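Asker: For reference, this is query_14.csv, and it has CSV, C-alpha atoms.
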```
chain,number,residue,atom,x,y,z
A,288,MET,CA,58.2,105.5,33.2
A,289,LYS,CA,58.8,106.6,29.7
A,290,PHE,CA,56.7,106.5,26.5
A,291,LEU,CA,58.0,104.7,23.4
A,292,TYR,CA,56.7,106.3,20.3
A,293,ASN,CA,56.8,104.5,16.9
A,294,ASP,CA,58.4,101.5,18.5
A,295,LYS,CA,57.6,98.7,16.0
A,296,VAL,CA,59.2,96.0,18.1
A,297,ALA,CA,57.1,96.9,21.1
A,298,GLU,CA,54.0,97.0,18.9
A,299,GLU,CA,54.8,93.5,17.6
A,300,PHE,CA,55.2,92.1,21.1
A,301,LEU,CA,51.9,93.8,22.2
A,302,ASN,CA,50.2,92.2,19.2
A,303,GLU,CA,51.6,88.8,20.2
A,304,THR,CA,50.4,89.5,23.8
A,305,LYS,CA,46.8,90.1,22.4
A,306,LYS,CA,46.9,86.7,20.7
A,307,VAL,CA,47.9,85.1,24.0
A,308,ALA,CA,45.1,87.0,25.8
A,309,LEU,CA,42.5,85.5,23.3
A,310,LYS,CA,43.1,82.1,25.0
A,311,SER,CA,41.7,83.4,28.3
A,312,THR,CA,38.6,81.6,29.6
A,313,CYS,CA,37.9,84.2,32.3
A,314,LEU,CA,34.4,85.5,32.3
A,315,ARG,CA,35.4,88.9,33.8
A,316,ALA,CA,38.5,89.9,31.8
A,317,LYS,CA,40.8,88.7,29.1
A,318,CYS,CA,44.5,89.4,29.7
A,319,GLY,CA,47.7,88.3,28.2
A,320,ALA,CA,51.4,88.6,29.0
A,321,VAL,CA,54.6,87.7,27.2
A,322,ILE,CA,58.1,87.9,28.6
A,323,VAL,CA,60.8,88.9,26.2
A,324,LYS,CA,64.6,88.8,26.3
A,325,ASP,CA,66.9,89.7,23.4
A,326,ASN,CA,63.8,90.0,21.1
A,327,GLU,CA,62.8,86.4,21.8
A,328,ILE,CA,59.6,85.5,23.7
A,329,ILE,CA,60.7,83.3,26.6
A,330,GLY,CA,57.3,83.0,28.4
A,331,LYS,CA,53.6,83.4,27.6
A,332,GLY,CA,50.5,83.5,29.9
A,333,PHE,CA,46.8,84.3,29.9
A,334,ASN,CA,44.4,84.6,32.8
A,335,SER,CA,42.2,81.6,33.5
A,336,PRO,CA,41.4,79.2,36.3
A,337,PRO,CA,44.2,76.9,37.5
A,338,LYS,CA,44.8,73.7,35.7
A,339,ASN,CA,42.0,71.2,36.2
A,340,LEU,CA,39.7,73.7,37.8
A,341,GLU,CA,38.2,75.2,34.7
A,342,SER,CA,34.8,73.6,35.5
A,343,GLN,CA,34.9,75.4,38.9
A,344,ARG,CA,35.2,78.8,37.4
A,345,ARG,CA,34.1,81.5,39.9
A,346,CYS,CA,34.9,84.5,37.7
A,347,LEU,CA,32.5,87.4,37.9
A,348,ASN,CA,30.8,88.4,34.7
A,349,ASP,CA,31.2,92.1,35.6
A,350,LYS,CA,33.2,94.0,38.2
A,351,GLU,CA,30.3,94.6,40.6
A,352,GLY,CA,31.4,93.5,44.0
A,353,TYR,CA,35.0,93.2,42.9
A,354,ASP,CA,37.4,95.4,44.8
A,355,LYS,CA,41.0,95.0,43.7
A,356,LYS,CA,42.2,97.4,46.4
A,357,ILE,CA,41.4,94.8,49.1
A,358,THR,CA,42.7,91.5,47.6
A,359,ASP,CA,42.6,89.4,44.5
A,360,LYS,CA,39.2,87.6,44.7
A,361,THR,CA,39.3,86.2,41.2
A,362,CYS,CA,39.5,82.4,40.6
A,363,CYS,CA,42.1,82.9,37.9
A,364,VAL,CA,45.8,82.7,37.7
A,365,HIS,CA,47.0,86.1,36.4
A,366,ALA,CA,48.4,86.3,32.9
A,367,GLU,CA,51.7,87.7,34.4
A,368,GLN,CA,52.0,84.8,36.9
A,369,ARG,CA,51.4,82.3,34.1
A,370,ALA,CA,54.0,83.9,31.9
A,371,ILE,CA,56.5,83.9,34.7
A,372,ILE,CA,55.8,80.2,35.4
A,373,ASP,CA,56.1,79.4,31.7
A,374,ALA,CA,59.5,81.2,31.5
A,375,LEU,CA,60.7,79.5,34.7
A,376,LYS,CA,59.9,76.1,33.1
A,377,LYS,CA,61.3,76.8,29.7
A,378,ASN,CA,63.9,79.6,30.0
A,379,PRO,CA,64.9,80.3,33.6
A,380,GLU,CA,68.4,81.5,32.7
A,381,LYS,CA,66.9,84.2,30.5
A,382,LEU,CA,64.5,85.9,33.0
A,383,LYS,CA,67.1,88.3,34.5
A,384,GLY,CA,66.9,91.5,32.5
A,385,SER,CA,63.8,90.6,30.6
A,386,LYS,CA,60.7,92.7,29.8
A,387,LEU,CA,57.1,91.8,30.6
A,388,TYR,CA,54.5,92.9,28.1
A,389,PHE,CA,50.9,93.0,29.3
A,390,ILE,CA,47.6,93.7,27.6
A,391,SER,CA,43.9,93.5,28.6
A,392,LEU,CA,41.1,93.1,26.0
A,393,ASP,CA,37.7,94.7,25.9
A,394,LYS,CA,34.4,92.8,25.3
A,395,ASP,CA,35.1,93.0,21.5
A,396,ASN,CA,38.6,91.6,22.0
A,397,LEU,CA,40.2,94.9,21.2
A,398,LYS,CA,43.3,96.1,23.1
A,399,LYS,CA,42.3,98.2,26.1
A,400,PHE,CA,44.4,101.1,27.4
A,401,ALA,CA,46.0,100.2,30.7
A,402,GLY,CA,45.3,102.1,33.9
A,403,ASN,CA,47.7,102.6,36.8
A,404,PRO,CA,49.7,99.6,38.0
A,405,TYR,CA,47.9,97.9,40.9
A,406,CYS,CA,48.8,94.3,41.2
A,407,THR,CA,51.5,93.8,43.9
A,408,ILE,CA,51.2,90.0,43.5
A,409,CYS,CA,52.5,90.1,40.0
A,410,SER,CA,54.9,93.1,40.5
A,411,LYS,CA,56.6,91.3,43.4
A,412,MET,CA,56.9,88.0,41.4
A,413,ALA,CA,58.5,89.9,38.5
A,414,LEU,CA,61.0,91.6,40.7
A,415,ASP,CA,61.9,88.3,42.4
A,416,VAL,CA,62.7,86.5,39.2
A,417,GLY,CA,64.7,89.4,37.7
A,418,ILE,CA,62.3,91.0,35.2
A,419,PHE,CA,63.6,94.5,34.6
A,420,HIS,CA,60.8,96.2,32.8
A,421,TRP,CA,57.0,96.2,32.3
A,422,VAL,CA,55.5,97.4,29.0
A,423,LEU,CA,51.9,98.6,28.9
A,424,LEU,CA,49.7,100.3,26.3
A,425,HIS,CA,48.4,103.7,27.6
A,426,LYS,CA,46.3,106.3,25.8
A,427,GLU,CA,49.4,108.3,25.3
A,428,GLY,CA,51.3,105.4,23.7
A,429,ILE,CA,53.4,102.4,24.7
A,430,CYS,CA,54.9,102.9,28.1
A,431,ILE,CA,57.8,101.2,29.7
A,432,TYR,CA,58.3,101.0,33.5
A,433,ASP,CA,61.3,100.0,35.5
A,434,ALA,CA,60.1,96.9,37.5
A,435,GLU,CA,60.9,98.5,40.8
A,436,GLU,CA,59.0,101.6,39.8
A,437,TYR,CA,56.0,99.4,38.7
A,438,ASN,CA,56.1,97.6,42.1
A,439,ASN,CA,56.1,100.9,44.0
A,440,LEU,CA,53.2,102.3,41.9
A,441,SER,CA,51.3,99.1,42.5
A,442,PHE,CA,51.9,99.2,46.2
A,443,ASN,CA,50.8,102.8,46.4
A,444,TYR,CA,47.7,102.2,44.4
A,445,ASN,CA,46.6,99.6,47.0
A,446,LYS,CA,47.1,102.2,49.8
A,447,GLN,CA,44.7,104.6,48.3
```
Can you present the structure in this file as structure tokens?
Answerer:
Amino acid sequence: MKFLYNDKVAEEFLNETKKVALKSTCLRAKCGAVIVKDNEIIGKGFNSPPKNLESQRRCLNDKEGYDKKITDKTCCVHAEQRAIIDALKKNPEKLKGSKLYFISLDKDNLKKFAGNPYCTICSKMALDVGIFHWVLLHKEGICIYDAEEYNNLSFNYNKQ
């Protein structure tokens, strides 16, 4: 992992990721992801229930009773999954070597700082389609992870 300081391009893509996250209908968390290759967005996604199941939303309003170390118990498709699916539909030839930008929003729709990587569902999907990097906003600044490193950190988080 390395921190990118004063990276205007990364900031622009994280701002675009926030716009995508605002489309989320999840009651528990608003998240967004964009996948970028050669400074072009090739896939976008936000977390929400699967198509046609919006009325069967089972999201938790808070995180009580939610333990991400055990398994994903949300009813939503993750933002990262949806961005990967979008890129596979529209730009499959551009996925290899791309970057996935991810952001989560707080209750006031402001960008939240990311914690440690934890979702192996998304990290494995990203590796499988050829995404090379993950970009997150941390307290220390914008951080870029190698996709394999991100997957290893996610796997180790779930072992704690």
Asker: For Glu327 (chain A), find every residue with an atom within 10 Å (counting all atoms listed in the file), except residues of its own chain fewer than 6 positions away, and show them as a PyMOL selection string.
Answerer: chain A and resi 300+321+381+385
Asker: Give me, please, the distance in Å between CA of Phe290 (chain A) and CA of Ile429 (chain A), quoted to one decimal.
Answerer: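 Interatomic distance, CA of Phe290 (chain A) to CA of Ile429 (chain A): 5.6 Å.
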Asker: Find the distance between CA of Ile408 (chain A) and CA of Asp325 (chain A) and write it in Å to one decimal.
Answerer: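 Between CA of Ile408 (chain A) and CA of Asp325 (chain A) the gap is 25.5 Å.
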Asker: Check the smallest atom-to-atom distance from each of A:Lys295, A:Lys377, A:His425, A:Lys317 to Asn396 (chain A) using only C-alpha atoms, then report the winner.
Answerer: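 Nearest to Asn396 (chain A): A:Lys317.
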Asker: Give me the residues near region 416-424 of chain A as JSON, numbers by chain, where near means some atom within 6 Å (using all atoms listed in the file) and where sequence neighbours in that chain fewer than 2 positions away do not count.
Answerer: {"A": [382, 383, 384, 385, 386, 387, 388, 389, 400, 401, 413, 414, 428, 429, 430, 431, 432, 433, 434]}
Asker: Okay, now the selection with C-alpha atoms, as a compact mmCIF listing (two decimals), in the coordinates of the input?
Answerer:
```txt
# COMPACT_ATOMS: atom_id res chain seq x y z
CA LEU A 382 64.50 85.90 33.00
CA LYS A 383 67.10 88.30 34.50
CA GLY A 384 66.90 91.50 32.50
CA SER A 385 63.80 90.60 30.60
CA LYS A 386 60.70 92.70 29.80
CA LEU A 387 57.10 91.80 30.60
CA TYR A 388 54.50 92.90 28.10
CA PHE A 389 50.90 93.00 29.30
CA PHE A 400 44.40 101.10 27.40
CA ALA A 401 46.00 100.20 30.70
CA ALA A 413 58.50 89.90 38.50
CA LEU A 414 61.00 91.60 40.70
CA GLY A 428 51.30 105.40 23.70
CA ILE A 429 53.40 102.40 24.70
CA CYS A 430 54.90 102.90 28.10
CA ILE A 431 57.80 101.20 29.70
CA TYR A 432 58.30 101.00 33.50
CA ASP A 433 61.30 100.00 35.50
CA ALA A 434 60.10 96.90 37.50
```
Asker: Which polymer residues, protein or nucleic acid, are no farther than 7 Å from (43.0, 84.4, 37.8), counting all atoms listed in the file, as a list of chain:residue names?
Answerer: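 Output: A:Asn334, A:Ser335, A:Pro336, A:Thr361, A:Cys362, A:Cys363, A:Val364, A:His365.
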Asker: Could you dump the residues just selected with C-alpha atoms as a compact mmCIF listing (two decimals), in the coordinates of the input?
Answerer:
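Saved the output as part-v7.txt:
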```
# COMPACT_ATOMS: atom_id res chain seq x y z
CA ASN A 334 44.40 84.60 32.80
CA SER A 335 42.20 81.60 33.50
CA PRO A 336 41.40 79.20 36.30
CA THR A 361 39.30 86.20 41.20
CA CYS A 362 39.50 82.40 40.60
CA CYS A 363 42.10 82.90 37.90
CA VAL A 364 45.80 82.70 37.70
CA HIS A 365 47.00 86.10 36.40
```
